[in-house]
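Heads up, entry24.pdb below (PDB, C-alpha atoms):
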```pdb
ATOM      1  CA  MET J   1     130.248  91.859 124.242  1.00  0.00           C
ATOM      2  CA  PRO J   2     126.778  91.101 125.535  1.00  0.00           C
ATOM      3  CA  ILE J   3     123.947  90.594 123.083  1.00  0.00           C
ATOM      4  CA  ILE J   4     120.595  91.011 124.807  1.00  0.00           C
ATOM      5  CA  GLY J   5     116.914  90.986 123.982  1.00  0.00           C
ATOM      6  CA  GLU J   6     114.632  93.595 125.491  1.00  0.00           C
ATOM      7  CA  GLY J   7     111.100  92.581 126.367  1.00  0.00           C
ATOM      8  CA  ASP J   8     109.893  89.880 123.985  1.00  0.00           C
ATOM      9  CA  ALA J   9     112.590  90.631 121.398  1.00  0.00           C
ATOM     10  CA  GLU J  10     114.984  87.876 120.417  1.00  0.00           C
ATOM     11  CA  PRO J  11     118.582  88.960 121.163  1.00  0.00           C
ATOM     12  CA  ASN J  12     120.040  87.733 117.879  1.00  0.00           C
ATOM     13  CA  ASP J  13     117.530  89.645 115.772  1.00  0.00           C
ATOM     14  CA  THR J  14     119.629  92.742 116.512  1.00  0.00           C
ATOM     15  CA  TYR J  15     122.964  90.927 116.906  1.00  0.00           C
ATOM     16  CA  VAL J  16     124.866  92.894 114.255  1.00  0.00           C
ATOM     17  CA  GLU J  17     123.601  96.245 115.490  1.00  0.00           C
ATOM     18  CA  GLN J  18     124.409  95.457 119.133  1.00  0.00           C
ATOM     19  CA  LEU J  19     127.829  94.007 118.287  1.00  0.00           C
ATOM     20  CA  THR J  20     128.936  96.937 116.159  1.00  0.00           C
ATOM     21  CA  SER J  21     127.568  99.479 118.639  1.00  0.00           C
ATOM     22  CA  SER J  22     129.469  97.877 121.531  1.00  0.00           C
ATOM     23  CA  ALA J  23     132.677  97.615 119.515  1.00  0.00           C
ATOM     24  CA  ARG J  24     132.387 101.228 118.381  1.00  0.00           C
ATOM     25  CA  ALA J  25     131.937 102.391 121.985  1.00  0.00           C
ATOM     26  CA  ALA J  26     134.986 100.377 123.119  1.00  0.00           C
ATOM     27  CA  VAL J  27     137.193 101.683 120.306  1.00  0.00           C
ATOM     28  CA  GLU J  28     136.073 105.278 120.821  1.00  0.00           C
ATOM     29  CA  GLU J  29     136.843 105.023 124.537  1.00  0.00           C
ATOM     30  CA  VAL J  30     140.372 103.625 124.195  1.00  0.00           C
ATOM     31  CA  VAL J  31     141.125 106.263 121.547  1.00  0.00           C
ATOM     32  CA  ARG J  32     139.652 108.998 123.769  1.00  0.00           C
ATOM     33  CA  ARG J  33     141.864 107.852 126.637  1.00  0.00           C
ATOM     34  CA  GLY J  34     144.894 108.024 124.365  1.00  0.00           C
ATOM     35  CA  VAL J  35     145.872 104.382 124.843  1.00  0.00           C
ATOM     36  CA  ALA J  36     145.237 103.232 121.271  1.00  0.00           C
ATOM     37  CA  ASP J  37     146.026 104.415 117.771  1.00  0.00           C
ATOM     38  CA  PRO J  38     142.726 104.130 115.874  1.00  0.00           C
ATOM     39  CA  THR J  39     144.572 102.980 112.741  1.00  0.00           C
ATOM     40  CA  ARG J  40     146.268 100.076 114.528  1.00  0.00           C
ATOM     41  CA  ILE J  41     143.505  98.342 116.463  1.00  0.00           C
ATOM     42  CA  ALA J  42     143.011  94.653 115.716  1.00  0.00           C
ATOM     43  CA  VAL J  43     140.182  92.396 116.802  1.00  0.00           C
ATOM     44  CA  GLY J  44     140.439  88.744 117.654  1.00  0.00           C
ATOM     45  CA  GLY J  45     138.652  85.913 119.329  1.00  0.00           C
ATOM     46  CA  HIS J  46     138.283  82.197 119.821  1.00  0.00           C
ATOM     47  CA  SER J  47     135.137  80.185 119.051  1.00  0.00           C
ATOM     48  CA  TYR J  48     132.206  82.597 119.511  1.00  0.00           C
ATOM     49  CA  GLY J  49     134.792  85.379 119.718  1.00  0.00           C
ATOM     50  CA  ALA J  50     136.137  84.375 116.294  1.00  0.00           C
ATOM     51  CA  PHE J  51     132.615  84.600 114.915  1.00  0.00           C
ATOM     52  CA  MET J  52     132.303  88.069 116.452  1.00  0.00           C
ATOM     53  CA  ALA J  53     135.681  89.203 115.091  1.00  0.00           C
ATOM     54  CA  ALA J  54     134.768  88.136 111.561  1.00  0.00           C
ATOM     55  CA  ASN J  55     131.414  89.897 111.800  1.00  0.00           C
ATOM     56  CA  LEU J  56     133.115  93.075 112.986  1.00  0.00           C
ATOM     57  CA  LEU J  57     135.413  93.114 109.949  1.00  0.00           C
ATOM     58  CA  ALA J  58     132.355  92.712 107.728  1.00  0.00           C
ATOM     59  CA  TYR J  59     130.013  95.173 109.427  1.00  0.00           C
ATOM     60  CA  ALA J  60     132.368  97.730 111.059  1.00  0.00           C
ATOM     61  CA  PRO J  61     135.559  97.676 108.979  1.00  0.00           C
ATOM     62  CA  GLU J  62     136.383 101.264 109.903  1.00  0.00           C
ATOM     63  CA  LEU J  63     137.075 100.183 113.500  1.00  0.00           C
ATOM     64  CA  PHE J  64     139.784  97.554 112.947  1.00  0.00           C
ATOM     65  CA  CYS J  65     142.876  97.123 110.795  1.00  0.00           C
ATOM     66  CA  CYS J  66     142.760  93.307 110.839  1.00  0.00           C
ATOM     67  CA  ALA J  67     141.438  90.265 112.694  1.00  0.00           C
ATOM     68  CA  ILE J  68     142.574  86.935 114.109  1.00  0.00           C
ATOM     69  CA  ALA J  69     139.800  84.370 114.313  1.00  0.00           C
ATOM     70  CA  ARG J  70     140.425  80.997 115.989  1.00  0.00           C
ATOM     71  CA  SER J  71     138.144  77.977 115.694  1.00  0.00           C
ATOM     72  CA  GLY J  72     134.986  79.836 114.814  1.00  0.00           C
ATOM     73  CA  ALA J  73     131.637  79.015 113.245  1.00  0.00           C
ATOM     74  CA  TYR J  74     131.205  81.362 110.314  1.00  0.00           C
ATOM     75  CA  ASN J  75     128.161  79.896 108.602  1.00  0.00           C
ATOM     76  CA  ARG J  76     125.304  79.598 111.070  1.00  0.00           C
ATOM     77  CA  THR J  77     123.156  77.674 108.616  1.00  0.00           C
ATOM     78  CA  LEU J  78     125.513  74.767 109.378  1.00  0.00           C
ATOM     79  CA  THR J  79     124.219  74.866 112.980  1.00  0.00           C
ATOM     80  CA  PRO J  80     120.537  74.747 111.982  1.00  0.00           C
ATOM     81  CA  PHE J  81     119.053  73.737 115.319  1.00  0.00           C
ATOM     82  CA  GLY J  82     120.429  76.651 117.330  1.00  0.00           C
ATOM     83  CA  PHE J  83     123.667  77.870 118.838  1.00  0.00           C
ATOM     84  CA  GLN J  84     124.745  79.782 121.937  1.00  0.00           C
ATOM     85  CA  ALA J  85     121.557  81.523 123.144  1.00  0.00           C
ATOM     86  CA  GLU J  86     119.738  81.093 119.823  1.00  0.00           C
ATOM     87  CA  GLU J  87     116.964  78.571 120.413  1.00  0.00           C
ATOM     88  CA  ARG J  88     115.138  79.024 117.110  1.00  0.00           C
ATOM     89  CA  THR J  89     116.000  76.824 114.156  1.00  0.00           C
ATOM     90  CA  VAL J  90     117.240  78.135 110.825  1.00  0.00           C
ATOM     91  CA  TRP J  91     113.759  77.422 109.438  1.00  0.00           C
ATOM     92  CA  GLU J  92     112.145  79.583 112.123  1.00  0.00           C
ATOM     93  CA  ALA J  93     114.579  82.502 111.814  1.00  0.00           C
ATOM     94  CA  PRO J  94     116.333  82.264 108.422  1.00  0.00           C
ATOM     95  CA  GLU J  95     117.029  86.002 108.161  1.00  0.00           C
ATOM     96  CA  THR J  96     118.756  86.005 111.548  1.00  0.00           C
ATOM     97  CA  TYR J  97     120.935  83.019 110.671  1.00  0.00           C
ATOM     98  CA  MET J  98     121.915  84.584 107.351  1.00  0.00           C
ATOM     99  CA  LYS J  99     122.655  88.056 108.744  1.00  0.00           C
ATOM    100  CA  MET J 100     124.729  86.633 111.607  1.00  0.00           C
ATOM    101  CA  SER J 101     126.870  84.481 109.301  1.00  0.00           C
ATOM    102  CA  PRO J 102     130.149  86.139 108.267  1.00  0.00           C
ATOM    103  CA  PHE J 103     130.349  83.566 105.481  1.00  0.00           C
ATOM    104  CA  MET J 104     127.335  85.214 103.853  1.00  0.00           C
ATOM    105  CA  VAL J 105     129.056  88.604 103.801  1.00  0.00           C
ATOM    106  CA  ALA J 106     132.576  87.416 102.952  1.00  0.00           C
ATOM    107  CA  ASN J 107     132.489  89.839 100.014  1.00  0.00           C
ATOM    108  CA  LYS J 108     132.426  92.755 102.500  1.00  0.00           C
ATOM    109  CA  ILE J 109     135.631  91.725 104.295  1.00  0.00           C
ATOM    110  CA  LYS J 110     138.485  93.793 102.882  1.00  0.00           C
ATOM    111  CA  LYS J 111     140.815  93.931 105.889  1.00  0.00           C
ATOM    112  CA  PRO J 112     143.335  91.109 106.532  1.00  0.00           C
ATOM    113  CA  ILE J 113     142.052  88.165 108.525  1.00  0.00           C
ATOM    114  CA  LEU J 114     143.997  85.219 109.915  1.00  0.00           C
ATOM    115  CA  LEU J 115     141.950  82.068 110.483  1.00  0.00           C
ATOM    116  CA  ILE J 116     143.318  79.387 112.820  1.00  0.00           C
ATOM    117  CA  HIS J 117     141.615  76.071 113.488  1.00  0.00           C
ATOM    118  CA  GLY J 118     142.440  72.802 115.223  1.00  0.00           C
ATOM    119  CA  GLU J 119     142.473  69.944 112.733  1.00  0.00           C
ATOM    120  CA  GLU J 120     140.619  67.672 115.171  1.00  0.00           C
ATOM    121  CA  ASP J 121     138.075  70.200 116.458  1.00  0.00           C
ATOM    122  CA  ASN J 122     135.117  68.140 117.626  1.00  0.00           C
ATOM    123  CA  ASN J 123     133.132  70.984 119.177  1.00  0.00           C
ATOM    124  CA  THR J 124     129.575  71.018 117.886  1.00  0.00           C
ATOM    125  CA  GLY J 125     129.289  73.713 115.238  1.00  0.00           C
ATOM    126  CA  THR J 126     132.978  74.526 114.901  1.00  0.00           C
ATOM    127  CA  PHE J 127     134.264  71.674 112.799  1.00  0.00           C
ATOM    128  CA  PRO J 128     137.315  72.657 110.691  1.00  0.00           C
ATOM    129  CA  MET J 129     135.079  72.806 107.618  1.00  0.00           C
ATOM    130  CA  GLN J 130     133.738  76.121 108.985  1.00  0.00           C
ATOM    131  CA  SER J 131     137.152  77.782 108.633  1.00  0.00           C
ATOM    132  CA  GLU J 132     138.006  76.007 105.385  1.00  0.00           C
ATOM    133  CA  ARG J 133     134.816  77.164 103.655  1.00  0.00           C
ATOM    134  CA  PHE J 134     135.059  80.683 105.059  1.00  0.00           C
ATOM    135  CA  TYR J 135     138.658  80.888 103.879  1.00  0.00           C
ATOM    136  CA  SER J 136     137.606  79.798 100.381  1.00  0.00           C
ATOM    137  CA  ALA J 137     134.851  82.421 100.321  1.00  0.00           C
ATOM    138  CA  LEU J 138     137.270  85.132 101.445  1.00  0.00           C
ATOM    139  CA  GLN J 139     139.840  84.094  98.856  1.00  0.00           C
ATOM    140  CA  GLY J 140     137.193  84.026  96.164  1.00  0.00           C
ATOM    141  CA  HIS J 141     136.418  87.665  96.919  1.00  0.00           C
ATOM    142  CA  GLY J 142     140.070  88.724  96.916  1.00  0.00           C
ATOM    143  CA  ALA J 143     140.479  89.205 100.676  1.00  0.00           C
ATOM    144  CA  THR J 144     143.883  89.151 102.314  1.00  0.00           C
ATOM    145  CA  THR J 145     143.572  85.983 104.352  1.00  0.00           C
ATOM    146  CA  ARG J 146     145.492  82.989 105.629  1.00  0.00           C
ATOM    147  CA  LEU J 147     144.266  79.727 107.090  1.00  0.00           C
ATOM    148  CA  VAL J 148     146.397  77.814 109.569  1.00  0.00           C
ATOM    149  CA  ILE J 149     145.252  74.305 110.456  1.00  0.00           C
ATOM    150  CA  LEU J 150     146.869  73.044 113.655  1.00  0.00           C
ATOM    151  CA  PRO J 151     147.588  69.300 113.479  1.00  0.00           C
ATOM    152  CA  HIS J 152     146.460  67.133 116.406  1.00  0.00           C
ATOM    153  CA  GLU J 153     144.584  70.049 118.044  1.00  0.00           C
ATOM    154  CA  SER J 154     140.920  70.122 119.012  1.00  0.00           C
ATOM    155  CA  HIS J 155     138.781  73.143 119.896  1.00  0.00           C
ATOM    156  CA  SER J 156     141.112  74.366 122.636  1.00  0.00           C
ATOM    157  CA  TYR J 157     144.795  74.331 121.843  1.00  0.00           C
ATOM    158  CA  ARG J 158     147.599  72.977 123.980  1.00  0.00           C
TER     159      ARG J 158
END
```

Output the file's structure in the form of structure tokens.
Amino acid sequence: MPIIGEGDAEPNDTYVEQLTSSARAAVEEVVRRGVADPTRIAVGGHSYGAFMAANLLAYAPELFCCAIARSGAYNRTLTPFGFQAEERTVWEAPETYMKMSPFMVANKIKKPILLIHGEEDNNTGTFPMQSERFYSALQGHGATTRLVILPHESHSYR
């Protein structure tokens, strides 16, 4: 789902609003077409998609019954010098980093979420610690969650 900035606006300053709006439109359309049961729609993604899936469970839980998140970065403060299209540092845009981090809203995630991560992930920003800490936060808040660490796998799985 595209996240854009209009005019001089920074795209990620409205990341959550844009993400949830796009997801809502997609879900409403597949339900309208009769190709999906609104009570059985899951969301999933890999890397940035995992980050998006986790955010959707936190900020739009009514849209999805569960999520599968593979090799994501869930705490953006651990990527303090930018990520994806975010060029500002955490010190320049702390509110954006915090709001975009599913880790910071782990207490809002009540739907089941499966986290999968390669044990040897060497991709900048998505070290296995991201999933391990997010899993601990979810568990600490009573979420239904599982963490699967894939031995000998990096960011992309064979």

- Task: Find the residues near range 31-47 of chain J: any atom within 7 Å, counting all atoms listed in the file, skip ones fewer than 3 places away on the same chain, and give them as an MDAnalysis selection string.
- Result: chainID J and resid 27:28 50:51 53 64:73

- Message: Report, in Å with one decimal, the straight-line distance from CA of Met52 in chain J to CA of Glu120 in chain J.
- Response: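 It comes out at 22.1 Å.
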
- What do you get, as a PyMOL selection string, if you spell out every residue that the PyMOL selection byres ((chain J and resi 131) around 12) selects here? chain J and resi 47+50-51+54+68-75+102-103+113-119+121+125-130+132-139+145-150

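Among the candidates J:Met104, J:Leu56, J:Ala25, J:Ile4, the residue lying nearest to Arg76 in chain J is J:Met104 (atoms considered: only C-alpha atoms).
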
- Message: I'd like the interatomic distance between CA of Tyr15 in chain J and CA of Thr96 in chain J, to a tenth of an Å.
- Response: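 If I compute the distance from CA of Tyr15 in chain J to CA of Thr96 in chain J, I get 8.4 Å.
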
- Between CA of Leu57 in chain J and CA of Ile109 in chain J, distance in Å (one decimal):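 A separation of 5.8 Å between them.
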
Emit as lines of an AutoDock Vina configuration file the padded axis-aligned box for all listed atoms of range 43-54 of chain J, 8 Å per side, with centre and edge lengths in Å to one decimal.
```
center_x = 136.3
center_y = 86.3
center_z = 115.7
size_x = 24.2
size_y = 28.2
size_z = 24.3
```

- Task: Name the closest residue to Glu10 in chain J among the candidates J:Gly140, J:Ala93, J:Lys110, J:Ser156; distances are taken between atoms, counting all atoms listed in the file.
- Result: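 Selected residue with least distance to Glu10 in chain J: J:Ala93.
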
- Task: Report as a PyMOL selection string the residues that result from applying the PyMOL selection byres ((chain J and resi 11) around 12) to the structure here.
- Result: chain J and resi 2-10+12-19+84-88+96+100

- Which residue out of J:Trp91, J:Ser22, J:Val30, J:His152 has the minimum interatomic distance to Asn122 in chain J when all atoms listed in the file are used? J:His152

- For His155 in chain J, which residue among J:Lys99, J:Tyr48, J:Ala143, J:Tyr59 is the nearest when counting all atoms listed in the file?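 Answer, going by the shortest atom-to-atom distance: J:Tyr48.
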
- Item | Closest of J:Thr144, J:Ser154, J:Asn123, J:Thr20 to Ala58 in chain J - atom-to-atom distances counting only C-alpha atoms | J:Thr20
